[in-house]
Structures are given as C-alpha cells and as structure tokens.
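Everything below belongs to coords_2.csv, which stores CSV, C-alpha atoms.
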chain,number,residue,atom,x,y,z
S,28,MET,CA,96.4,78.4,80.6
S,29,ALA,CA,95.0,80.9,83.1
S,30,ASN,CA,95.4,84.6,82.3
S,31,SER,CA,95.4,85.8,85.9
S,32,SER,CA,96.0,84.6,89.4
S,33,LEU,CA,94.9,85.6,92.9
S,34,GLY,CA,97.5,86.6,95.4
S,35,PHE,CA,99.8,83.7,96.4
S,36,SER,CA,102.8,83.1,98.6
S,37,VAL,CA,106.2,81.6,98.0
S,38,GLU,CA,108.1,79.8,100.6
S,39,VAL,CA,111.6,81.3,101.1
S,40,ASP,CA,114.3,79.7,103.1
S,41,GLY,CA,115.5,81.7,106.1
S,42,VAL,CA,118.8,83.5,106.2
S,43,SER,CA,121.1,84.6,109.0
S,44,GLY,CA,123.4,87.5,108.7
S,45,GLN,CA,123.3,90.5,106.4
S,46,CYS,CA,125.3,91.9,103.5
S,47,PRO,CA,127.9,94.3,105.2
S,48,SER,CA,128.1,96.7,102.2
S,49,GLY,CA,124.3,96.6,101.8
S,50,GLU,CA,123.8,97.4,105.5
S,51,LYS,CA,126.2,100.4,105.3
S,52,TRP,CA,124.6,101.7,102.1
S,53,ALA,CA,121.0,101.4,103.4
S,54,GLU,CA,121.8,102.9,106.8
S,55,GLU,CA,123.5,105.9,105.1
S,56,ASN,CA,120.5,106.4,102.7
S,57,LEU,CA,118.0,105.9,105.5
S,58,ALA,CA,119.8,108.6,107.6
S,59,ARG,CA,119.8,111.1,104.7
S,60,LYS,CA,116.2,110.2,103.8
S,61,ALA,CA,117.1,109.2,100.3
S,62,ILE,CA,114.2,107.9,98.2
S,63,PRO,CA,114.9,104.2,97.3
S,64,VAL,CA,114.7,103.2,93.7
S,65,LEU,CA,114.0,99.6,92.9
S,66,SER,CA,113.6,97.9,89.6
S,67,CYS,CA,112.8,94.8,87.6
S,68,GLU,CA,116.0,92.9,87.2
S,69,GLY,CA,114.7,90.3,84.7
S,70,PRO,CA,116.9,88.8,82.0
S,71,CYS,CA,114.7,90.1,79.2
S,72,ILE,CA,115.3,93.3,77.4
S,73,ARG,CA,112.4,95.0,79.2
S,74,GLY,CA,113.9,94.2,82.6
S,75,GLU,CA,117.3,95.3,81.5
S,76,ILE,CA,116.0,98.7,80.3
S,77,ALA,CA,114.2,99.1,83.7
S,78,ARG,CA,117.4,98.2,85.6
S,79,GLN,CA,119.6,100.6,83.6
S,80,ALA,CA,117.0,103.4,83.9
S,81,ALA,CA,116.8,102.8,87.6
S,82,ASN,CA,120.6,103.1,87.9
S,83,ILE,CA,120.4,106.5,86.0
S,84,VAL,CA,117.5,107.8,88.1
S,85,SER,CA,119.2,106.8,91.3
S,86,LYS,CA,122.2,109.0,90.5
S,87,GLN,CA,120.0,112.1,90.9
S,88,GLU,CA,119.1,113.7,94.3
S,89,PRO,CA,117.2,112.7,96.4
S,90,TYR,CA,117.2,109.2,95.0
S,91,ALA,CA,119.4,106.2,95.7
S,92,ARG,CA,119.4,102.6,94.4
S,93,ALA,CA,118.0,99.9,96.6
S,94,CYS,CA,118.4,96.2,96.2
S,95,TYR,CA,115.0,94.5,95.7
S,96,ALA,CA,116.3,91.1,96.5
S,97,GLU,CA,117.7,92.1,99.9
S,98,THR,CA,114.6,94.1,100.6
S,99,ALA,CA,112.3,91.2,99.9
S,100,LEU,CA,114.4,88.3,101.0
S,101,VAL,CA,116.3,89.6,104.0
S,102,PRO,CA,113.5,91.1,106.1
S,103,HIS,CA,115.7,91.9,109.1
S,104,SER,CA,118.2,94.0,106.9
S,105,ALA,CA,118.7,97.7,106.9
S,106,MET,CA,117.8,97.6,103.2
S,107,ALA,CA,114.3,96.3,104.1
S,108,THR,CA,114.0,98.8,106.9
S,109,TRP,CA,114.9,101.7,104.5
S,110,VAL,CA,112.3,100.7,101.9
S,111,LYS,CA,109.6,100.1,104.6
S,112,GLU,CA,110.2,103.4,106.3
S,113,SER,CA,110.6,105.7,103.3
S,114,GLU,CA,107.9,108.2,102.6
S,115,GLN,CA,108.3,107.5,98.9
S,116,VAL,CA,109.6,104.4,97.0
S,117,ILE,CA,110.3,104.5,93.3
S,118,MET,CA,109.5,101.1,91.7
S,119,ILE,CA,110.4,100.7,88.0
S,120,ASP,CA,109.1,97.6,86.5
S,121,GLY,CA,110.1,96.4,83.0
S,122,CYS,CA,106.5,95.7,81.8
S,123,PHE,CA,102.9,95.6,82.8
S,124,LEU,CA,103.3,92.4,84.7
S,125,HIS,CA,104.9,94.4,87.6
S,126,CYS,CA,106.7,91.3,88.9
S,127,ILE,CA,108.9,93.0,91.4
S,128,GLY,CA,106.3,95.7,92.1
S,129,ARG,CA,103.8,93.1,93.2
S,130,VAL,CA,106.3,92.0,95.8
S,131,ILE,CA,107.2,95.5,97.0
S,132,ASN,CA,103.5,96.2,97.3
S,133,ASN,CA,103.5,93.8,100.3
S,134,ILE,CA,106.6,95.3,101.9
S,135,ALA,CA,106.3,99.1,101.6
S,136,SER,CA,103.1,101.0,102.2
S,137,LYS,CA,101.1,101.2,99.0
S,138,GLU,CA,100.7,104.9,99.5
S,139,SER,CA,104.4,105.4,99.3
S,140,ILE,CA,105.1,103.6,96.1
S,141,VAL,CA,105.4,105.4,92.8
S,142,HIS,CA,105.0,102.5,90.4
S,143,ILE,CA,106.4,103.0,86.9
S,144,ASP,CA,106.0,100.7,83.9
S,145,ALA,CA,109.1,101.3,81.8
S,146,LEU,CA,107.7,99.6,78.8
S,147,GLY,CA,104.8,102.0,78.8
S,148,LEU,CA,107.3,104.9,78.5
S,149,HIS,CA,109.7,103.6,75.8
S,150,LYS,CA,107.2,101.4,73.9
S,151,LYS,CA,109.8,99.1,72.5
S,152,TYR,CA,110.8,95.5,72.5
S,153,SER,CA,107.5,93.9,73.5
S,154,LYS,CA,108.2,91.1,71.0
S,155,VAL,CA,111.8,90.6,72.0
S,156,PHE,CA,112.9,88.6,75.0
S,157,HIS,CA,116.6,88.3,75.3
S,158,MET,CA,118.5,91.5,76.0
S,159,ASP,CA,121.4,90.5,73.8
S,160,ASP,CA,119.0,90.6,70.8
S,161,VAL,CA,119.2,94.4,71.1
S,162,PRO,CA,122.6,96.1,70.6
S,163,GLU,CA,124.1,97.5,73.7
S,164,SER,CA,124.2,101.0,72.4
S,165,GLU,CA,120.5,100.8,71.7
S,166,ARG,CA,119.8,99.4,75.2
S,167,LYS,CA,121.7,102.3,76.7
S,168,GLU,CA,119.9,104.9,74.6
S,169,THR,CA,116.5,103.4,75.4
S,170,ALA,CA,117.4,103.3,79.1
S,171,GLN,CA,118.5,107.0,79.1
S,172,PHE,CA,115.3,108.0,77.3
S,173,THR,CA,113.3,106.0,79.8
S,174,ALA,CA,115.2,107.5,82.8
S,175,ASP,CA,114.7,111.0,81.4
S,176,LYS,CA,110.9,110.4,81.1
S,177,ILE,CA,110.8,109.0,84.6
S,178,LEU,CA,112.7,112.0,86.1
S,179,ASP,CA,110.4,114.4,84.2
S,180,LEU,CA,107.3,112.5,85.7
S,181,LEU,CA,108.8,112.6,89.2
S,182,ARG,CA,109.8,116.3,89.0
S,183,SER,CA,106.4,117.3,87.7
S,184,GLY,CA,104.6,115.2,90.4
S,185,SER,CA,102.6,113.4,87.7
S,186,ALA,CA,104.1,109.9,88.1
S,187,PRO,CA,101.5,107.2,89.0
S,188,THR,CA,101.2,106.3,92.6
S,189,THR,CA,99.6,102.9,92.2
S,190,ASP,CA,100.3,99.7,90.3
S,191,THR,CA,97.0,99.7,88.6
S,192,CYS,CA,98.1,100.9,85.2
S,193,PRO,CA,96.6,98.8,82.4
S,194,PRO,CA,98.6,96.3,80.4
S,195,CYS,CA,100.6,98.1,77.8
S,196,SER,CA,99.6,97.6,74.1
S,197,CYS,CA,103.0,98.5,72.8
S,198,SER,CA,104.2,96.8,69.6

Just give me the structure of the file as structure tokens.
Amino acid sequence: MANSSLGFSVEVDGVSGQCPSGEKWAEENLARKAIPVLSCEGPCIRGEIARQAANIVSKQEPYARACYAETALVPHSAMATWVKESEQVIMIDGCFLHCIGRVINNIASKESIVHIDALGLHKKYSKVFHMDDVPESERKETAQFTADKILDLLRSGSAPTTDTCPPCSCS
C-alpha cells in the first residue's frame, strides 16, 4: 500500500439551489467580517474532538462556524464566498492527515489559512477510532482543552499558517 499520493481530483455531481439558512448565516458573517472556522467532521474520535473544539472556538469573537461541505461542494454559495474572501480562515483538522484542510487549501488562499492539527494539541486517542469508545464526558473535556489551546495560539499569533506540520507521533 502506498504511503502517500500526489494531488488528485474527485468528480462531484452538480447541484442547483442553496441552503437558505446557510446563505443567511454566511451573508451575515461575511458582512461582519467574521473569521470562518472549519473542521474535520470525521466519525472517528479525532474528528469528533476537532468538530467540538471548532464549535467552542467559533463562539468567541471574531470567529463563526462555517460549513466545510457547503464551502467545498456548493461553489456558488454564500458559504463558499465567505471562506474564499476571508482574510483569515481557521481550519481545525482531527489529525495529521489534514483531510478537510487539503480540500480547503484549494478553495481559500493558502496565505489566509491557519491550519491546526487538533491531535497534535491534545495528544490522545491515536489508537482509537470510534468516538463512542471514549466516554462523552471525556470527549467534551478533551474538546474544551483543545479549544482553549487553539484560542491561546490564535490570541498570541503563534498558530501555524500552513498545513506543513509533520505527522504527529502521539500515542
């Protein structure tokens, strides 16, 4: 099995229309120049921690939650416009694979993306897949810890601005 791949494309069926609530949300946040926060949404515990941390971060000014699926898969949407036009985009991936971040790298300007590997911050669950294998209270606690670290990095200006961080060696 190959350990890496070159860039590739995925064929996506077209779509007509937009999500009315997503349009309203994105237009409001674009107008107020909120910084979009996107995250891994994977079913594994690492994706769940990233998702919950993103929800926590996005409740702080000047941040707001953006939908990565609508951003990537509805290119004529206000959500995609908001992410593309933002001066800064916060991308919280669940692990070093940066699955969603690698997509967002091709939508937003790379200079605008603050790419964060949540696993590298909390250093837990690298050998656990399913989120239900970790008690809900522990998931919430780890997400809060991760969000606090992310907010500290963002406030201090020391968050990474590229997706080139090395694979995590967490246990």

With only C-alpha atoms as the atoms that count, which of S:Glu114, S:Asp179, S:Glu75, S:Asp144 lies nearest to Arg166 of chain S?
->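 For Arg166 of chain S, the nearest of the candidates is S:Glu75.
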
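Using only C-alpha atoms, the smallest distance between any of S:Glu168, S:Asp120, S:Glu112, S:Glu38 and Leu146 of chain S comes from S:Asp120.
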
Between atom CA of Tyr90 of chain S and atom CA of Ile117 of chain S, distance in Å (one decimal) =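 Pair atom CA of Tyr90 of chain S / atom CA of Ile117 of chain S returns 8.5 Å.
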
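Shortest atom-to-atom contact with Ala91 of chain S among S:Lys167, S:His125, S:Arg59, S:His142: S:Arg59, counting all atoms listed in the file.
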
Selection: 7 Å around Val116 of chain S, only C-alpha atoms, excl. self and same-chain fewer than 5 positions, as a list in words |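 Contacts, in chain order: Ile62, Pro63, Val64, Val110, Ser139, Ile140 and Val141 of chain S.
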
Nearest to Lys150 of chain S by atom-to-atom distance, counting all atoms listed in the file, from S:Ala105, S:Ile76, S:Leu178, S:Ile127 | S:Ile76
